[in-house]
file upload03.txt (compact mmCIF, C-alpha atoms)
# COMPACT_ATOMS: atom_id res chain seq x y z
CA MET C 1 104.05 91.36 141.84
CA LYS C 2 101.97 93.15 139.29
CA ILE C 3 100.33 90.74 136.86
CA PRO C 4 100.61 92.11 133.30
CA ARG C 5 97.27 92.88 131.73
CA TRP C 6 97.54 90.23 129.02
CA LYS C 7 98.14 87.58 131.65
CA LYS C 8 95.04 88.61 133.49
CA ALA C 9 93.05 88.30 130.29
CA GLU C 10 94.49 84.86 129.68
CA PHE C 11 93.37 83.56 133.04
CA GLU C 12 89.92 85.07 132.87
CA GLU C 13 87.31 82.44 132.39
CA ILE C 14 85.79 82.46 128.94
CA GLU C 15 82.15 83.22 129.39
CA TYR C 16 79.42 83.54 126.87
CA GLU C 17 79.28 87.30 126.35
CA PRO C 18 76.20 88.29 124.43
CA ALA C 19 77.45 90.21 121.40
CA SER C 20 76.63 90.01 117.74
CA ILE C 21 78.69 88.17 115.15
CA LYS C 22 78.99 91.54 113.41
CA GLU C 23 80.56 93.25 116.42
CA ILE C 24 82.99 90.41 117.03
CA LEU C 25 84.04 90.16 113.42
CA LYS C 26 84.61 93.91 113.17
CA GLU C 27 86.75 93.82 116.27
CA MET C 28 88.75 90.87 114.91
CA LYS C 29 89.31 92.74 111.65
CA SER C 30 90.45 95.88 113.47
CA ILE C 31 92.78 94.00 115.77
CA SER C 32 94.39 92.10 112.93
CA GLU C 33 94.98 95.34 111.03
CA LEU C 34 96.43 97.16 114.02
CA ILE C 35 98.45 94.36 115.59
CA VAL C 36 100.88 93.94 112.69
CA ASP C 37 101.90 97.61 112.86
CA LEU C 38 102.17 97.42 116.64
CA ALA C 39 104.32 94.31 116.57
CA TYR C 40 106.88 95.80 114.20
CA SER C 41 106.86 99.02 116.20
CA ALA C 42 107.54 97.12 119.39
CA ILE C 43 110.68 95.50 117.98
CA LEU C 44 111.72 98.58 116.05
CA PHE C 45 111.76 100.76 119.16
CA HIS C 46 112.42 97.96 121.64
CA ASN C 47 109.27 99.12 123.38
CA LYS C 48 108.03 96.62 125.96
CA GLU C 49 104.84 98.56 126.63
CA ILE C 50 103.72 98.20 123.03
CA ALA C 51 104.80 94.55 123.07
CA GLU C 52 102.52 94.10 126.05
CA GLU C 53 99.62 95.58 124.09
CA VAL C 54 100.34 93.08 121.33
CA ARG C 55 100.17 90.22 123.84
CA TYR C 56 96.95 91.63 125.25
CA LEU C 57 95.36 91.88 121.80
CA GLU C 58 96.54 88.38 120.94
CA VAL C 59 94.77 86.97 123.99
CA ARG C 60 91.68 89.05 123.24
CA MET C 61 91.68 87.63 119.70
CA ASP C 62 91.71 84.04 121.00
CA LYS C 63 88.66 84.83 123.06
CA LEU C 64 86.86 86.48 120.15
CA ASN C 65 87.58 83.53 117.89
CA TYR C 66 86.17 81.18 120.50
CA MET C 67 83.05 83.30 120.81
CA ILE C 68 82.48 83.58 117.08
CA ARG C 69 82.81 79.82 116.58
CA MET C 70 80.21 79.26 119.25
CA MET C 71 77.85 81.82 117.78
CA ALA C 72 78.28 80.56 114.24
CA MET C 73 77.30 77.07 115.32
CA LEU C 74 74.27 78.34 117.16
CA ALA C 75 73.24 80.48 114.19
CA ALA C 76 73.47 77.89 111.43
CA ARG C 77 70.09 76.34 110.76
CA THR C 78 70.16 75.57 107.03
CA PRO C 79 72.90 74.43 104.64
CA GLU C 80 72.94 77.97 103.18
CA ASP C 81 73.49 79.41 106.70
CA ALA C 82 76.21 76.88 107.31
CA GLU C 83 78.02 77.90 104.15
CA GLN C 84 77.88 81.58 105.11
CA MET C 85 79.15 80.73 108.59
CA ALA C 86 81.96 78.59 107.20
CA GLY C 87 83.15 81.61 105.23
CA ILE C 88 82.97 83.79 108.32
CA LEU C 89 84.92 81.29 110.40
CA GLN C 90 87.57 81.09 107.69
CA VAL C 91 88.13 84.84 107.94
CA ALA C 92 88.06 84.71 111.75
CA GLU C 93 90.66 81.93 111.71
CA ALA C 94 92.89 83.99 109.44
CA ALA C 95 92.53 87.00 111.74
CA GLU C 96 93.64 84.88 114.67
CA THR C 97 96.57 83.49 112.70
CA ILE C 98 97.66 87.04 111.96
CA SER C 99 97.53 88.01 115.62
CA ASN C 100 99.48 84.92 116.64
CA ALA C 101 102.13 85.79 114.07
CA ALA C 102 102.30 89.31 115.50
CA GLY C 103 102.82 87.71 118.91
CA ASP C 104 105.71 85.69 117.45
CA ILE C 105 107.26 88.90 116.19
CA VAL C 106 107.33 90.54 119.62
CA LYS C 107 108.70 87.36 121.22
CA ILE C 108 112.10 88.19 119.81
CA LEU C 109 112.27 91.01 122.35
CA SER C 110 112.93 88.34 124.93
CA LEU C 111 116.06 87.17 123.13
CA LYS C 112 118.88 88.65 125.17
CA LEU C 113 120.95 90.04 122.32
CA GLU C 114 123.39 92.74 123.34
CA HIS C 115 123.21 94.69 120.10
CA PRO C 116 120.17 93.51 118.21
CA ILE C 117 120.60 94.34 114.53
CA LEU C 118 116.95 93.83 113.62
CA PRO C 119 115.73 97.34 114.53
CA ARG C 120 118.39 98.86 112.30
CA LEU C 121 117.43 96.55 109.47
CA ILE C 122 113.76 97.44 109.38
CA LYS C 123 113.96 101.11 110.21
CA GLU C 124 112.50 102.90 107.23
CA SER C 125 111.77 106.45 108.17
CA ASP C 126 112.09 108.90 110.98
CA GLU C 127 108.65 108.06 112.23
CA VAL C 128 108.21 106.49 115.63
CA ILE C 129 105.23 105.15 117.53
CA LYS C 130 104.40 106.56 120.95
CA LYS C 131 101.62 106.23 123.45
CA LEU C 132 100.40 109.65 124.58
CA SER C 133 97.85 110.33 127.31
CA VAL C 134 95.23 113.04 127.38
CA ASP C 135 95.73 114.94 130.62
CA GLU C 136 92.76 116.20 132.61
CA LYS C 137 93.80 119.78 132.04
CA SER C 138 94.30 119.49 128.27
CA LYS C 139 92.27 121.67 125.92
CA ALA C 140 91.85 118.56 123.75
CA ILE C 141 89.13 117.20 126.04
CA GLY C 142 85.71 117.08 124.46
CA ARG C 143 87.06 118.16 121.06
CA LYS C 144 86.77 116.10 117.88
CA ILE C 145 89.98 114.70 116.41
CA GLY C 146 89.09 116.30 113.07
CA GLU C 147 88.61 119.81 114.42
CA LEU C 148 91.95 119.71 116.23
CA HIS C 149 93.77 119.34 112.87
CA ILE C 150 96.27 117.01 114.51
CA ALA C 151 97.45 115.56 111.20
CA SER C 152 98.02 118.87 109.44
CA GLU C 153 99.51 120.67 112.47
CA THR C 154 101.84 117.93 113.67
CA GLY C 155 101.98 115.25 110.96
CA VAL C 156 100.96 112.72 113.60
CA ARG C 157 98.44 109.97 112.88
CA ILE C 158 96.41 108.35 115.68
CA LEU C 159 96.40 104.60 115.09
CA ALA C 160 94.20 103.71 118.03
CA ILE C 161 92.74 105.02 121.25
CA ARG C 162 92.58 103.00 124.43
CA ARG C 163 89.71 104.21 126.60
CA LYS C 164 89.49 102.34 129.87
CA ASP C 165 89.20 98.73 128.76
CA ARG C 166 88.01 99.46 125.27
CA TRP C 167 89.93 100.11 122.05
CA ILE C 168 88.95 102.43 119.24
CA TYR C 169 90.95 101.44 116.18
CA GLY C 170 91.68 103.92 113.41
CA PRO C 171 89.45 106.55 115.06
CA SER C 172 87.40 108.69 112.67
CA PRO C 173 87.70 112.51 112.71
CA GLU C 174 84.34 112.56 114.53
CA VAL C 175 85.65 110.90 117.70
CA ARG C 176 85.86 113.26 120.69
CA LEU C 177 88.86 112.92 122.98
CA ARG C 178 88.34 112.32 126.67
CA ALA C 179 90.51 112.78 129.74
CA ASN C 180 92.81 109.80 130.32
CA ASP C 181 92.48 108.45 126.79
CA SER C 182 95.68 106.73 125.70
CA LEU C 183 96.51 107.48 122.08
CA ILE C 184 98.80 105.25 120.06
CA CYS C 185 100.34 107.70 117.64
CA ILE C 186 102.79 107.54 114.75
CA GLY C 187 104.83 110.52 113.65
CA THR C 188 108.21 112.22 113.84
CA GLU C 189 109.80 112.85 117.25
CA GLU C 190 109.21 116.54 116.72
CA GLY C 191 105.53 116.20 115.82
CA LEU C 192 104.93 113.85 118.73
CA GLN C 193 106.64 116.20 121.21
CA HIS C 194 104.45 119.03 120.02
CA LEU C 195 101.26 116.98 120.32
CA LYS C 196 102.35 115.68 123.72
CA LYS C 197 102.60 119.24 125.09
CA PHE C 198 99.10 119.99 123.88
CA LEU C 199 97.70 116.77 125.33
CA LYS C 200 99.39 117.50 128.66
CA GLY C 201 97.83 120.94 128.82
CA GLU C 202 101.12 122.79 128.37
CA LEU C 203 99.90 124.36 125.14
CA GLU C 204 96.53 126.07 124.75
CA VAL C 205 96.25 125.49 121.02
CA LEU C 206 97.88 123.17 118.53
CA GLU C 207 99.44 125.39 115.91
CA MET I 1 94.23 82.48 78.07
CA LYS I 2 95.81 85.25 80.06
CA ILE I 3 97.86 83.90 82.95
CA PRO I 4 97.21 85.96 86.10
CA ARG I 5 100.25 87.79 87.34
CA TRP I 6 100.49 85.89 90.61
CA LYS I 7 100.56 82.61 88.73
CA LYS I 8 103.40 83.81 86.61
CA ALA I 9 105.32 84.69 89.74
CA GLU I 10 104.64 81.25 91.17
CA PHE I 11 106.08 79.49 88.19
CA GLU I 12 109.12 81.68 87.89
CA GLU I 13 112.20 79.85 88.92
CA ILE I 14 113.59 80.99 92.22
CA GLU I 15 117.00 82.34 91.53
CA TYR I 16 119.53 83.81 93.84
CA GLU I 17 118.86 87.52 93.43
CA PRO I 18 121.61 89.56 94.96
CA ALA I 19 119.93 91.81 97.51
CA SER I 20 120.69 92.65 101.09
CA ILE I 21 118.99 91.08 104.10
CA LYS I 22 117.96 94.62 105.00
CA GLU I 23 116.14 95.21 101.71
CA ILE I 24 114.37 91.87 101.84
CA LEU I 25 113.30 92.27 105.43
CA LYS I 26 111.96 95.76 104.79
CA GLU I 27 109.97 94.51 101.85
CA MET I 28 108.58 91.62 103.92
CA LYS I 29 107.56 94.05 106.66
CA SER I 30 105.86 96.36 104.17
CA ILE I 31 104.03 93.55 102.43
CA SER I 32 102.77 92.09 105.69
CA GLU I 33 101.47 95.50 106.78
CA LEU I 34 99.76 96.20 103.46
CA ILE I 35 98.41 92.75 102.65
CA VAL I 36 96.04 92.56 105.64
CA ASP I 37 94.27 95.79 104.63
CA LEU I 38 94.16 94.66 101.01
CA ALA I 39 92.68 91.27 101.88
CA TYR I 40 89.81 92.73 103.89
CA SER I 41 89.21 95.32 101.18
CA ALA I 42 89.01 92.61 98.55
CA ILE I 43 86.25 90.77 100.39
CA LEU I 44 84.53 93.94 101.55
CA PHE I 45 84.13 95.26 98.02
CA HIS I 46 84.11 91.88 96.30
CA ASN I 47 87.00 93.19 94.26
CA LYS I 48 88.80 90.46 92.32
CA GLU I 49 91.52 92.79 91.12
CA ILE I 50 92.61 93.55 94.67
CA ALA I 51 92.31 89.85 95.53
CA GLU I 52 94.71 89.17 92.69
CA GLU I 53 97.21 91.66 94.17
CA VAL I 54 96.95 89.79 97.45
CA ARG I 55 97.77 86.52 95.71
CA TYR I 56 100.66 88.18 93.92
CA LEU I 57 102.08 89.58 97.16
CA GLU I 58 101.64 86.21 98.86
CA VAL I 59 103.73 84.51 96.20
CA ARG I 60 106.31 87.30 96.35
CA MET I 61 106.50 86.81 100.12
CA ASP I 62 107.25 83.08 99.71
CA LYS I 63 110.10 83.96 97.46
CA LEU I 64 111.46 86.61 99.84
CA ASN I 65 111.32 84.20 102.75
CA TYR I 66 113.24 81.63 100.75
CA MET I 67 115.86 84.23 99.86
CA ILE I 68 116.27 85.49 103.40
CA ARG I 69 116.71 81.98 104.80
CA MET I 70 119.43 81.36 102.28
CA MET I 71 121.18 84.62 103.01
CA ALA I 72 120.92 84.18 106.77
CA MET I 73 122.65 80.83 106.53
CA LEU I 74 125.40 82.21 104.36
CA ALA I 75 125.87 85.15 106.72
CA ALA I 76 126.11 83.30 110.02
CA ARG I 77 129.73 82.68 110.98
CA THR I 78 129.72 82.82 114.78
CA PRO I 79 127.20 81.72 117.44
CA GLU I 80 126.39 85.42 118.02
CA ASP I 81 125.66 85.84 114.27
CA ALA I 82 123.54 82.73 114.34
CA GLU I 83 121.47 84.09 117.20
CA GLN I 84 120.88 87.37 115.40
CA MET I 85 119.90 85.50 112.26
CA ALA I 86 117.56 83.21 114.17
CA GLY I 87 115.73 86.30 115.41
CA ILE I 88 115.52 87.66 111.87
CA LEU I 89 114.19 84.40 110.49
CA GLN I 90 111.57 84.31 113.23
CA VAL I 91 110.26 87.69 112.12
CA ALA I 92 110.46 86.67 108.46
CA GLU I 93 108.49 83.52 109.20
CA ALA I 94 105.82 85.54 110.99
CA ALA I 95 105.60 87.93 108.03
CA GLU I 96 105.04 84.98 105.70
CA THR I 97 102.41 83.52 108.03
CA ILE I 98 100.59 86.85 107.92
CA SER I 99 100.62 86.94 104.14
CA ASN I 100 99.37 83.35 103.93
CA ALA I 101 96.53 84.24 106.30
CA ALA I 102 95.66 87.20 104.06
CA GLY I 103 95.59 84.77 101.15
CA ASP I 104 93.13 82.61 103.12
CA ILE I 105 90.91 85.63 103.61
CA VAL I 106 90.59 86.34 99.90
CA LYS I 107 89.95 82.67 99.14
CA ILE I 108 86.41 83.09 100.39
CA LEU I 109 85.72 85.14 97.26
CA SER I 110 85.70 81.85 95.41
CA LEU I 111 82.81 80.51 97.51
CA LYS I 112 79.81 80.88 95.26
CA LEU I 113 77.42 82.45 97.74
CA GLU I 114 74.51 84.26 96.18
CA HIS I 115 74.21 86.94 98.83
CA PRO I 116 77.37 86.88 100.88
CA ILE I 117 76.70 88.45 104.27
CA LEU I 118 80.34 88.95 105.17
CA PRO I 119 80.84 92.31 103.42
CA ARG I 120 77.87 93.75 105.28
CA LEU I 121 79.21 92.42 108.57
CA ILE I 122 82.61 94.03 108.36
CA LYS I 123 81.67 97.28 106.66
CA GLU I 124 82.67 99.99 109.08
CA SER I 125 82.74 103.29 107.29
CA ASP I 126 81.99 104.88 103.97
CA GLU I 127 85.56 104.49 102.85
CA VAL I 128 86.38 102.26 99.94
CA ILE I 129 89.62 101.14 98.35
CA LYS I 130 90.22 101.76 94.66
CA LYS I 131 93.06 101.41 92.24
CA LEU I 132 93.58 104.61 90.24
CA SER I 133 96.00 105.09 87.37
CA VAL I 134 98.01 108.17 86.52
CA ASP I 135 97.20 109.06 82.94
CA GLU I 136 99.89 110.35 80.59
CA LYS I 137 98.12 113.68 80.29
CA SER I 138 97.62 114.24 84.02
CA LYS I 139 99.11 117.29 85.71
CA ALA I 140 100.10 114.99 88.55
CA ILE I 141 103.08 113.66 86.61
CA GLY I 142 106.42 114.66 88.08
CA ARG I 143 104.79 116.27 91.12
CA LYS I 144 105.44 115.17 94.71
CA ILE I 145 102.55 113.56 96.57
CA GLY I 146 103.02 116.09 99.37
CA GLU I 147 102.80 119.17 97.18
CA LEU I 148 99.58 117.95 95.55
CA HIS I 149 97.82 118.06 98.96
CA ILE I 150 95.89 114.95 98.02
CA ALA I 151 94.96 114.15 101.62
CA SER I 152 93.68 117.60 102.52
CA GLU I 153 91.92 118.24 99.19
CA THR I 154 90.22 114.87 98.78
CA GLY I 155 90.58 112.98 102.07
CA VAL I 156 92.16 110.14 100.11
CA ARG I 157 95.19 108.24 101.42
CA ILE I 158 97.56 106.42 99.07
CA LEU I 159 98.32 103.02 100.57
CA ALA I 160 100.71 101.89 97.87
CA ILE I 161 101.95 102.61 94.39
CA ARG I 162 102.58 99.96 91.82
CA ARG I 163 105.20 101.13 89.34
CA LYS I 164 105.87 98.58 86.63
CA ASP I 165 106.85 95.49 88.59
CA ARG I 166 107.78 97.30 91.76
CA TRP I 167 105.71 98.33 94.77
CA ILE I 168 106.13 101.45 96.86
CA TYR I 169 104.31 100.86 100.14
CA GLY I 170 103.03 103.76 102.22
CA PRO I 171 104.72 106.28 99.90
CA SER I 172 106.24 109.32 101.62
CA PRO I 173 105.17 112.87 100.62
CA GLU I 174 108.49 113.15 98.75
CA VAL I 175 107.62 110.52 96.15
CA ARG I 176 106.98 111.95 92.67
CA LEU I 177 104.18 110.45 90.63
CA ARG I 178 104.89 109.05 87.18
CA ALA I 179 102.74 108.28 84.17
CA ASN I 180 101.11 104.85 84.42
CA ASP I 181 101.64 104.53 88.16
CA SER I 182 98.82 102.53 89.75
CA LEU I 183 97.78 103.98 93.08
CA ILE I 184 95.95 101.90 95.67
CA CYS I 185 93.89 104.52 97.44
CA ILE I 186 91.46 104.59 100.35
CA GLY I 187 88.82 107.26 100.75
CA THR I 188 85.17 108.13 100.24
CA GLU I 189 83.56 107.55 96.83
CA GLU I 190 83.37 111.30 96.40
CA GLY I 191 87.02 111.94 97.25
CA LEU I 192 88.15 109.12 95.00
CA GLN I 193 86.05 110.37 92.07
CA HIS I 194 87.60 113.80 92.44
CA LEU I 195 91.14 112.43 92.57
CA LYS I 196 90.40 110.13 89.62
CA LYS I 197 89.46 113.09 87.43
CA PHE I 198 92.72 114.82 88.29
CA LEU I 199 94.78 111.70 87.65
CA LYS I 200 93.03 111.22 84.31
CA GLY I 201 93.88 114.75 83.27
CA GLU I 202 90.27 115.95 83.31
CA LEU I 203 91.07 118.49 86.02
CA GLU I 204 94.01 120.91 85.86
CA VAL I 205 94.33 121.32 89.61
CA LEU I 206 93.15 119.42 92.64
CA GLU I 207 91.08 121.84 94.68
call {"tool": "encode", "arguments": {"input": "upload03.txt", "output": "structure tokens"}}
result
Amino acid sequence: MKIPRWKKAEFEEIEYEPASIKEILKEMKSISELIVDLAYSAILFHNKEIAEEVRYLEVRMDKLNYMIRMMAMLAARTPEDAEQMAGILQVAEAAETISNAAGDIVKILSLKLEHPILPRLIKESDEVIKKLSVDEKSKAIGRKIGELHIASETGVRILAIRRKDRWIYGPSPEVRLRANDSLICIGTEEGLQHLKKFLKGELEVLE
Amino acid sequence: MKIPRWKKAEFEEIEYEPASIKEILKEMKSISELIVDLAYSAILFHNKEIAEEVRYLEVRMDKLNYMIRMMAMLAARTPEDAEQMAGILQVAEAAETISNAAGDIVKILSLKLEHPILPRLIKESDEVIKKLSVDEKSKAIGRKIGELHIASETGVRILAIRRKDRWIYGPSPEVRLRANDSLICIGTEEGLQHLKKFLKGELEVLE
């Protein structure tokens, strides 16, 4: 049986990973911004793969919150430090609460409703979220997101990139795509189909 | 003394407003998506005006959650209905949890730290969030967001529009701007300055 990725993360031992408070806090902020969109998308499109990403990020967030608490305690030497750290932990706690709530949202996918009405209730536009992969023969490889004019040519927005075990949230136009990147994209079916062909190497240019 | 808008909302009596479960749920979804970004922006730029919007949305969310619980109970007639409604309330509850967490984030603005380090820790890019108003003499009035090419001309994204007492979240390109709309925008200082001039009527065209 294949163990889902979020389960693996859950059973990993929490070790002290040397990282800065800044890095951890930025990751917590990014996850909490992304995870709400992902959670609604998962239930909107009944997409178990995206729901699994939500679970994975939720577990990652727990670990980050643990790490930041530890680091804050080690860093506080004076009452002024302690006050700064208390503020930081308050934000970190809120970020974790947000990710737990996102996890609660995707849990309703496990309710066995025959005709769930929820997706119809929250559907707002024709946009959908899809995960697209960059194929090894795509002309997108090595190119910056900005220079590909993805948004203006297809109307698609890249919410996040998964590169091996790392996430790039809300990638800037300067980020270069690599083979096997997974892009979490939002757009119309049509725009996404078009982009998919380009990322698979079936189209030479995106226009 | 001027009573802040979110306080007014808190003291308003909760009445049974006739609205559909669909409308309420969509608003809850939109608020929970927007409020996380707004909360981080408020602390990042130490912006009390945006913090006040967060508080306002948090109070609005409480009210929506109350309304949807009431409606769900009135709507459930069969065990199948009840199961559907339980799923809906679970999502509504999560949306409220998210907005409360966002409220916790902005609370740290009331800590009286002389040199708060948090904004420096989470600052990721040169983008800032600003509220811009559409002046009565602006050429933007009556024009669709899409046809103004705001994104391609200035790099600015409109996160939400406040129109009198109503919010339009993530406005589509089809939305027409009106005089006195407040736009919550994200972009570089330069892009925002440029857009501001156009919205104030100091520029005839945006290019």
call {"tool": "closest_residue", "arguments": {"input": "upload03.txt", "among": "C:Gly87, C:Gly170, C:Gly155, C:Gly142", "to": "Ile186 of chain C", "atoms": "only C-alpha atoms"}}
result
C:Gly155
call {"tool": "interface_residues", "arguments": {"input": "upload03.txt", "of": "chain I", "to": "chain C", "cutoff": "7 Å", "atoms": "all atoms listed in the file", "output": "PyMOL selection string"}}
result
chain I and resi 22+25-26+33+36-37+84+87-88+90-91+94+97-98+101-102+104-105+108+116+118+121-122
call {"tool": "atom_distance", "arguments": {"input": "upload03.txt", "atom1": "atom CA of Leu177 of chain I", "atom2": "atom CA of Gly191 of chain C"}}
result
25.9 Å
call {"tool": "atom_distance", "arguments": {"input": "upload03.txt", "atom1": "atom CA of His149 of chain I", "atom2": "atom CA of Ser41 of chain I"}}
result
24.4 Å
call {"tool": "atom_distance", "arguments": {"input": "upload03.txt", "atom1": "atom CA of Glu127 of chain C", "atom2": "atom CA of Lys144 of chain C"}}
result
24.0 Å
call {"tool": "closest_residue", "arguments": {"input": "upload03.txt", "among": "C:Glu53, C:Gly146, C:Leu192, C:Ile129", "to": "Arg162 of chain C", "atoms": "all atoms listed in the file"}}
result
C:Glu53
call {"tool": "axis_aligned_box", "arguments": {"input": "upload03.txt", "around": "segment 183-199 of chain I", "padding_each_side": "8 Å", "output": "lines of an AutoDock Vina configuration file"}}
result
center_x = 90.6
center_y = 108.4
center_z = 94.1
size_x = 30.4
size_y = 28.9
size_z = 29.3
call {"tool": "residues_around", "arguments": {"input": "upload03.txt", "residues": "Ile158 of chain I", "least_positions_apart": "4", "cutoff": "9 Å", "atoms": "only C-alpha atoms", "output": "list in words"}}
result
Ile150, Ala151, Tyr169, Gly170, Pro171, Leu183, Ile184, Cys185, Ile186 and Gly187 of chain I
call {"tool": "decode", "arguments": {"input": "upload03.txt", "residues": "segment 153-181 of chain I", "atoms": "C-alpha atoms", "output": "mmCIF file, in the first residue's frame"}}
result
data_model
loop_
_atom_site.group_PDB
_atom_site.id
_atom_site.type_symbol
_atom_site.label_atom_id
_atom_site.label_comp_id
_atom_site.auth_asym_id
_atom_site.auth_seq_id
_atom_site.Cartn_x
_atom_site.Cartn_y
_atom_site.Cartn_z
ATOM 1 C CA GLU I 153 -0.002 48.732 -17.707
ATOM 2 C CA THR I 154 0.835 49.000 -14.013
ATOM 3 C CA GLY I 155 1.393 45.469 -12.698
ATOM 4 C CA VAL I 156 -1.253 46.182 -10.066
ATOM 5 C CA ARG I 157 -3.859 43.587 -9.089
ATOM 6 C CA ILE I 158 -7.199 44.602 -7.571
ATOM 7 C CA LEU I 159 -7.917 42.281 -4.660
ATOM 8 C CA ALA I 160 -11.282 43.746 -3.763
ATOM 9 C CA ILE I 161 -13.568 46.692 -4.293
ATOM 10 C CA ARG I 162 -15.534 48.318 -1.553
ATOM 11 C CA ARG I 163 -18.639 49.972 -2.967
ATOM 12 C CA LYS I 164 -20.673 51.728 -0.311
ATOM 13 C CA ASP I 165 -21.370 48.978 2.200
ATOM 14 C CA ARG I 166 -20.762 46.116 -0.168
ATOM 15 C CA TRP I 167 -17.586 44.232 -1.076
ATOM 16 C CA ILE I 168 -16.683 42.788 -4.451
ATOM 17 C CA TYR I 169 -13.911 40.255 -3.883
ATOM 18 C CA GLY I 170 -11.492 39.346 -6.654
ATOM 19 C CA PRO I 171 -13.468 41.431 -9.178
ATOM 20 C CA SER I 172 -13.718 39.954 -12.679
ATOM 21 C CA PRO I 173 -12.512 41.934 -15.729
ATOM 22 C CA GLU I 174 -16.187 42.612 -16.517
ATOM 23 C CA VAL I 175 -16.782 44.777 -13.452
ATOM 24 C CA ARG I 176 -17.237 48.479 -14.242
ATOM 25 C CA LEU I 177 -15.668 50.991 -11.887
ATOM 26 C CA ARG I 178 -17.816 53.658 -10.263
ATOM 27 C CA ALA I 179 -17.079 56.986 -8.643
ATOM 28 C CA ASN I 180 -16.069 56.608 -4.989
ATOM 29 C CA ASP I 181 -15.239 52.917 -5.281
#
